[in-house]
file query12.cif (mmCIF, C-alpha atoms)
data_structure
#
loop_
_atom_site.label_atom_id
_atom_site.label_comp_id
_atom_site.auth_asym_id
_atom_site.auth_seq_id
_atom_site.Cartn_x
_atom_site.Cartn_y
_atom_site.Cartn_z
CA MET A 97 -22.06 -0.64 -29.38
CA ASP A 98 -19.93 -0.63 -32.48
CA PRO A 99 -17.04 -3.09 -32.00
CA ALA A 100 -14.44 -0.54 -33.13
CA LEU A 101 -15.61 1.97 -30.52
CA GLY A 102 -15.87 -0.71 -27.84
CA THR A 103 -12.39 -2.00 -28.64
CA LEU A 104 -11.01 1.55 -28.53
CA ILE A 105 -12.60 2.19 -25.11
CA ASP A 106 -11.36 -1.15 -23.76
CA ALA A 107 -7.84 -0.57 -25.12
CA ALA A 108 -7.68 2.95 -23.68
CA ASN A 109 -8.78 1.70 -20.26
CA ALA A 110 -6.36 -1.23 -20.47
CA LEU A 111 -3.54 1.22 -21.17
CA LEU A 112 -4.62 3.52 -18.33
CA LEU A 113 -5.06 0.74 -15.75
CA GLY A 114 -1.90 -1.06 -16.88
CA GLN A 115 0.16 2.12 -16.55
CA ALA A 116 -1.40 2.85 -13.14
CA ALA A 117 -0.60 -0.67 -11.94
CA LEU A 118 2.99 -0.56 -13.15
CA HIS A 119 3.82 2.73 -11.44
CA LYS A 120 2.31 1.42 -8.18
CA LEU A 121 4.24 -1.84 -8.47
CA ARG A 122 7.51 0.15 -8.81
CA SER A 123 7.06 1.24 -5.20
CA PRO A 124 4.48 -1.04 -3.56
CA ALA A 125 5.29 -0.01 0.01
CA ARG A 126 4.77 3.66 -0.86
CA PHE A 127 1.45 2.95 -2.55
CA ALA A 128 0.34 0.79 0.41
CA ALA A 129 1.11 3.73 2.73
CA THR A 130 -0.79 6.09 0.40
CA PHE A 131 -3.75 3.71 0.34
CA GLU A 132 -3.68 3.38 4.14
CA ALA A 133 -3.69 7.16 4.54
CA TYR A 134 -7.15 7.33 2.97
CA ARG A 135 -8.56 5.73 6.15
CA ILE A 136 -11.26 3.89 4.23
CA LEU A 137 -10.42 0.41 5.54
CA PRO A 138 -9.02 -0.73 8.90
CA ARG A 139 -5.24 -0.37 8.94
CA LEU A 140 -4.33 -4.03 8.41
CA PHE A 141 -6.78 -4.45 5.52
CA ALA A 142 -5.64 -1.15 4.01
CA ARG A 143 -1.99 -2.31 3.98
CA VAL A 144 -2.94 -5.57 2.27
CA ALA A 145 -5.24 -3.79 -0.19
CA GLY A 146 -2.39 -1.42 -1.01
CA TYR A 147 -0.53 -4.41 -2.43
CA VAL A 148 -3.56 -6.11 -3.98
CA VAL A 149 -4.98 -3.10 -5.87
CA PRO A 150 -2.09 -2.78 -8.37
CA SER A 151 -2.29 -6.50 -9.12
CA LEU A 152 -6.03 -6.18 -9.67
CA GLU A 153 -5.49 -3.18 -11.97
CA LEU A 154 -2.98 -5.14 -14.01
CA ALA A 155 -5.28 -8.18 -14.21
CA VAL A 156 -8.19 -6.00 -15.37
CA ALA A 157 -5.96 -4.25 -17.92
CA LEU A 158 -4.86 -7.54 -19.44
CA ALA A 159 -8.35 -9.07 -19.33
CA LEU A 160 -9.82 -6.06 -21.17
CA LEU A 161 -7.72 -7.05 -24.17
CA LEU A 162 -9.12 -10.58 -24.42
CA PRO A 163 -12.58 -11.09 -25.97
CA MET A 164 -13.50 -13.95 -23.61
CA THR A 165 -12.76 -11.90 -20.44
CA ARG A 166 -13.62 -8.42 -21.71
CA THR A 167 -17.08 -8.18 -20.11
CA ALA A 168 -16.00 -9.32 -16.64
CA ALA A 169 -12.94 -7.06 -16.85
CA ALA A 170 -15.04 -4.06 -17.83
CA ALA A 171 -17.36 -4.67 -14.88
CA ALA A 172 -14.38 -5.02 -12.52
CA GLY A 173 -12.81 -1.88 -13.99
CA VAL A 174 -16.02 0.08 -13.41
CA VAL A 175 -16.05 -1.06 -9.78
CA LEU A 176 -12.39 -0.02 -9.37
CA LEU A 177 -12.97 3.42 -10.88
CA LEU A 178 -16.10 4.02 -8.80
CA THR A 179 -14.23 2.92 -5.67
CA TYR A 180 -11.44 5.40 -6.44
CA ALA A 181 -14.00 8.19 -6.95
CA LEU A 182 -15.70 7.28 -3.66
CA ALA A 183 -12.44 7.12 -1.69
CA ILE A 184 -11.32 10.51 -3.00
CA GLY A 185 -14.79 12.03 -2.49
CA VAL A 186 -15.03 10.77 1.10
CA ASN A 187 -11.65 12.27 1.95
CA LEU A 188 -12.48 15.56 0.27
CA ALA A 189 -15.66 15.68 2.37
CA ARG A 190 -13.47 15.06 5.42
CA ARG A 191 -11.39 18.08 4.29
CA ARG A 192 -8.29 15.86 3.95
CA ILE A 193 -7.10 17.59 0.77
CA ASP A 194 -3.44 17.02 1.59
CA LEU A 195 -3.63 13.29 0.70
CA ASP A 196 -1.61 12.00 -2.23
CA CYS A 197 -3.99 10.65 -4.87
CA GLY A 198 -1.66 7.70 -5.55
CA CYS A 199 -2.38 8.08 -9.26
CA ALA A 200 0.72 9.87 -10.53
CA GLY A 201 3.50 7.46 -9.66
CA PRO A 202 6.06 7.40 -6.87
CA ALA A 203 8.03 10.36 -8.22
CA ASP A 204 5.03 12.72 -8.46
CA ARG A 205 3.03 13.41 -5.31
CA ARG A 206 -0.30 14.95 -6.23
CA PRO A 207 -2.94 16.07 -3.69
CA ILE A 208 -6.50 14.82 -4.20
CA ALA A 209 -8.99 17.17 -5.83
CA MET A 210 -12.60 17.17 -6.96
CA TRP A 211 -11.65 16.91 -10.62
CA MET A 212 -10.25 13.45 -9.85
CA VAL A 213 -13.66 12.32 -8.62
CA TRP A 214 -15.25 13.57 -11.86
CA ARG A 215 -12.48 11.99 -13.95
CA ASN A 216 -13.00 8.59 -12.35
CA LEU A 217 -16.78 8.83 -12.68
CA PHE A 218 -16.43 9.72 -16.36
CA LEU A 219 -13.98 6.87 -16.98
CA ALA A 220 -16.32 4.44 -15.16
CA LEU A 221 -19.23 5.60 -17.32
CA LEU A 222 -17.16 5.25 -20.47
CA LEU A 223 -15.94 1.78 -19.54
CA GLY A 224 -19.43 0.82 -18.41
CA SER A 225 -20.75 1.69 -21.86
CA THR A 226 -18.79 -1.29 -23.21
CA LEU A 227 -21.07 -3.56 -21.18
CA LEU A 228 -23.88 -2.72 -23.61
CA PRO A 229 -24.45 -5.27 -26.38
CA TRP A 230 -21.97 -5.02 -29.26
CA SER A 231 -23.01 -5.30 -32.89
CA GLU A 232 -21.96 -8.48 -34.64
CA ARG A 233 -19.96 -6.89 -37.45
CA SER A 234 -16.34 -7.91 -37.93
CA LEU A 235 -13.50 -5.43 -37.52
CA THR A 236 -11.82 -4.28 -40.73
CA GLY A 237 -8.46 -2.73 -41.58
CA THR A 238 -10.09 0.70 -41.41
CA ASP A 239 -11.27 -0.12 -37.90
CA ALA A 240 -7.70 -0.99 -36.91
CA VAL A 241 -6.51 2.42 -38.10
CA THR A 242 -9.42 4.06 -36.27
CA ILE A 243 -8.65 2.19 -33.05
CA VAL A 244 -4.92 2.97 -33.14
CA GLY A 245 -5.53 6.63 -34.06
CA GLY A 246 -8.24 6.96 -31.44
CA LEU A 247 -6.01 5.37 -28.82
CA LEU A 248 -3.21 7.81 -29.62
CA ALA A 249 -5.60 10.77 -29.53
CA ALA A 250 -7.18 9.60 -26.26
CA THR A 251 -3.75 9.09 -24.70
CA PHE A 252 -2.56 12.58 -25.63
CA LEU A 253 -5.84 14.17 -24.54
CA TYR A 254 -5.77 12.35 -21.19
CA ALA A 255 -2.13 13.34 -20.60
CA ALA A 256 -2.83 16.98 -21.49
CA LEU A 257 -5.89 17.22 -19.24
CA ASP A 258 -4.10 15.42 -16.42
CA ARG A 259 -1.20 17.86 -16.62
CA LEU A 260 -3.48 20.88 -16.90
CA LEU A 261 -5.76 19.92 -14.02
CA GLY A 262 -3.15 18.25 -11.84
CA GLN A 263 -0.18 20.57 -12.19
CA VAL A 264 -0.79 23.78 -14.15
CA MET A 265 -4.05 24.90 -12.54
CA PRO A 266 -2.91 24.33 -8.93
CA ARG A 267 0.30 26.28 -9.58
CA THR A 268 -1.63 29.07 -11.26
CA ALA A 269 -4.02 29.24 -8.30
CA ALA A 270 -1.05 29.39 -5.90
CA LEU A 271 0.48 32.22 -7.91
CA ARG A 272 -2.81 34.13 -7.85
CA ARG A 273 -3.08 33.73 -4.08
CA GLY A 274 0.46 35.06 -3.74
CA LEU A 275 -0.29 38.23 -5.73
#

call {"tool": "encode", "arguments": {"input": "query12.cif", "output": "structure tokens"}}
result
Amino acid sequence: MDPALGTLIDAANALLLGQAALHKLRSPARFAATFEAYRILPRLFARVAGYVVPSLELAVALALLLPMTRTAAAAAGVVLLLTYALAIGVNLARRRIDLDCGCAGPADRRPIAMWMVWRNLFLALLLGSTLLPWSERSLTGTDAVTIVGGLLAATFLYAALDRLLGQVMPRTAALRRGL
């Protein structure tokens, strides 16, 4: 793996997980209730996990930015993302599509959907790719520009796709059903 690409992937995931953690920590009781509603763990464990998960996301986000903890953080991030995909997938299979995904913040309730499973699987695969050996070359000034530009592009692309799949398409489908 080229170190510029690996750093870009790690930084993008750090930003994503850090943002996810912060919005959950703004309303921890609400996220704990959302987590409990998934009915994946027994109620008591689910409540506790609802408070632990945002802290774990934040720890992984910060650790992705440090070279000495990057590999362990990437592995932990992959496990988190796969767990999210599994939890959503299990509840979709149970036909519990009314659940809040818990991924859009306390002010934006968003029902779970299959695209979220695919999103989390893709993100886990992407983050998992950083576990491959990295080349030994040093980063240059050009790499810094590439990483910052790539991070901006990835952020805007993620936000656009999230809005399209999470808000625009469901509203369009509802309008079509109403016609």

call {"tool": "residues_around", "arguments": {"input": "query12.cif", "residues": "Leu223 (chain A)", "least_positions_apart": "4", "cutoff": "7 Å", "atoms": "all atoms listed in the file", "output": "list in words"}}
result
Ile105, Asp106, Ala170, Val174 and Leu219 of chain A

call {"tool": "resolve_selection", "arguments": {"input": "query12.cif", "expression": "the PyMOL selection byres ((chain A and resi 163) around 12)", "output": "short mmCIF file (atom, residue, chain, number, x, y, z; two decimals) with C-alpha atoms, in the frame of the given file"}}
result
data_model
loop_
_atom_site.label_atom_id
_atom_site.label_comp_id
_atom_site.auth_asym_id
_atom_site.auth_seq_id
_atom_site.Cartn_x
_atom_site.Cartn_y
_atom_site.Cartn_z
CA PRO A 99 -17.04 -3.09 -32.00
CA GLY A 102 -15.87 -0.71 -27.84
CA THR A 103 -12.39 -2.00 -28.64
CA ASP A 106 -11.36 -1.15 -23.76
CA ALA A 107 -7.84 -0.57 -25.12
CA LEU A 158 -4.86 -7.54 -19.44
CA ALA A 159 -8.35 -9.07 -19.33
CA LEU A 160 -9.82 -6.06 -21.17
CA LEU A 161 -7.72 -7.05 -24.17
CA LEU A 162 -9.12 -10.58 -24.42
CA MET A 164 -13.50 -13.95 -23.61
CA THR A 165 -12.76 -11.90 -20.44
CA ARG A 166 -13.62 -8.42 -21.71
CA THR A 167 -17.08 -8.18 -20.11
CA ALA A 168 -16.00 -9.32 -16.64
CA ALA A 169 -12.94 -7.06 -16.85
CA ALA A 170 -15.04 -4.06 -17.83
CA THR A 226 -18.79 -1.29 -23.21
CA TRP A 230 -21.97 -5.02 -29.26
#

call {"tool": "residues_around", "arguments": {"input": "query12.cif", "residues": "Glu153 (chain A)", "least_positions_apart": "6", "cutoff": "7 Å", "atoms": "all atoms listed in the file", "output": "list of chain:residue names"}}
result
A:Leu113, A:Gly114, A:Ala117

call {"tool": "resolve_selection", "arguments": {"input": "query12.cif", "expression": "the PyMOL selection byres ((chain A and resi 194) around 10)", "output": "VMD selection string"}}
result
chain A and resid 187 to 188 191 to 193 195 to 197 206 to 209

call {"tool": "write_last_selection", "arguments": {"input": "query12.cif", "atoms": "C-alpha atoms", "output": "PDB file, keeping the file's coordinate frame"}}
result
ATOM      1  CA  ASN A 187     -11.650  12.270   1.950  1.00  0.00           C
ATOM      2  CA  LEU A 188     -12.480  15.560   0.270  1.00  0.00           C
ATOM      3  CA  ARG A 191     -11.390  18.080   4.290  1.00  0.00           C
ATOM      4  CA  ARG A 192      -8.290  15.860   3.950  1.00  0.00           C
ATOM      5  CA  ILE A 193      -7.100  17.590   0.770  1.00  0.00           C
ATOM      6  CA  LEU A 195      -3.630  13.290   0.700  1.00  0.00           C
ATOM      7  CA  ASP A 196      -1.610  12.000  -2.230  1.00  0.00           C
ATOM      8  CA  CYS A 197      -3.990  10.650  -4.870  1.00  0.00           C
ATOM      9  CA  ARG A 206      -0.300  14.950  -6.230  1.00  0.00           C
ATOM     10  CA  PRO A 207      -2.940  16.070  -3.690  1.00  0.00           C
ATOM     11  CA  ILE A 208      -6.500  14.820  -4.200  1.00  0.00           C
ATOM     12  CA  ALA A 209      -8.990  17.170  -5.830  1.00  0.00           C
TER      13      ALA A 209
END

call {"tool": "residues_around", "arguments": {"input": "query12.cif", "residues": "Gly246 (chain A)", "least_positions_apart": "6", "cutoff": "10 Å", "atoms": "only C-alpha atoms", "output": "list in words"}}
result
Ala100, Leu101, Leu104, Ile105, Ala107, Ala108, Ala240 and Phe252 of chain A

call {"tool": "closest_residue", "arguments": {"input": "query12.cif", "among": "A:Arg126, A:Arg205, A:Arg135, A:His119", "to": "Gly262 (chain A)", "atoms": "all atoms listed in the file"}}
result
A:Arg205

call {"tool": "closest_residue", "arguments": {"input": "query12.cif", "among": "A:Val244, A:Leu261, A:Ile136, A:Leu235", "to": "Ile184 (chain A)", "atoms": "only C-alpha atoms"}}
result
A:Ile136

call {"tool": "closest_residue", "arguments": {"input": "query12.cif", "among": "A:Leu140, A:Leu152, A:Met212, A:Ala128", "to": "Leu176 (chain A)", "atoms": "all atoms listed in the file"}}
result
A:Leu152

call {"tool": "atom_distance", "arguments": {"input": "query12.cif", "atom1": "CA of Val156 (chain A)", "atom2": "CA of Asn109 (chain A)"}}
result
9.1 Å

call {"tool": "closest_residue", "arguments": {"input": "query12.cif", "among": "A:Ala155, A:Gly146, A:Arg233, A:Ala183", "to": "Tyr134 (chain A)", "atoms": "all atoms listed in the file"}}
result
A:Ala183

call {"tool": "axis_aligned_box", "arguments": {"input": "query12.cif", "around": "region 227-231 of chain A", "padding_each_side": "3 Å", "output": "JSON"}}
result
{"center_x": -22.8, "center_y": -4.0, "center_z": -27.0, "size_x": 9.4, "size_y": 8.6, "size_z": 17.7}

call {"tool": "atom_distance", "arguments": {"input": "query12.cif", "atom1": "CA of Tyr147 (chain A)", "atom2": "CA of Arg122 (chain A)"}}
result
11.2 Å

call {"tool": "closest_residue", "arguments": {"input": "query12.cif", "among": "A:Leu112, A:Leu247, A:Leu154, A:Ala129", "to": "Ala142 (chain A)", "atoms": "only C-alpha atoms"}}
result
A:Ala129

call {"tool": "atom_distance", "arguments": {"input": "query12.cif", "atom1": "CA of Ala171 (chain A)", "atom2": "CA of Phe218 (chain A)"}}
result
14.5 Å
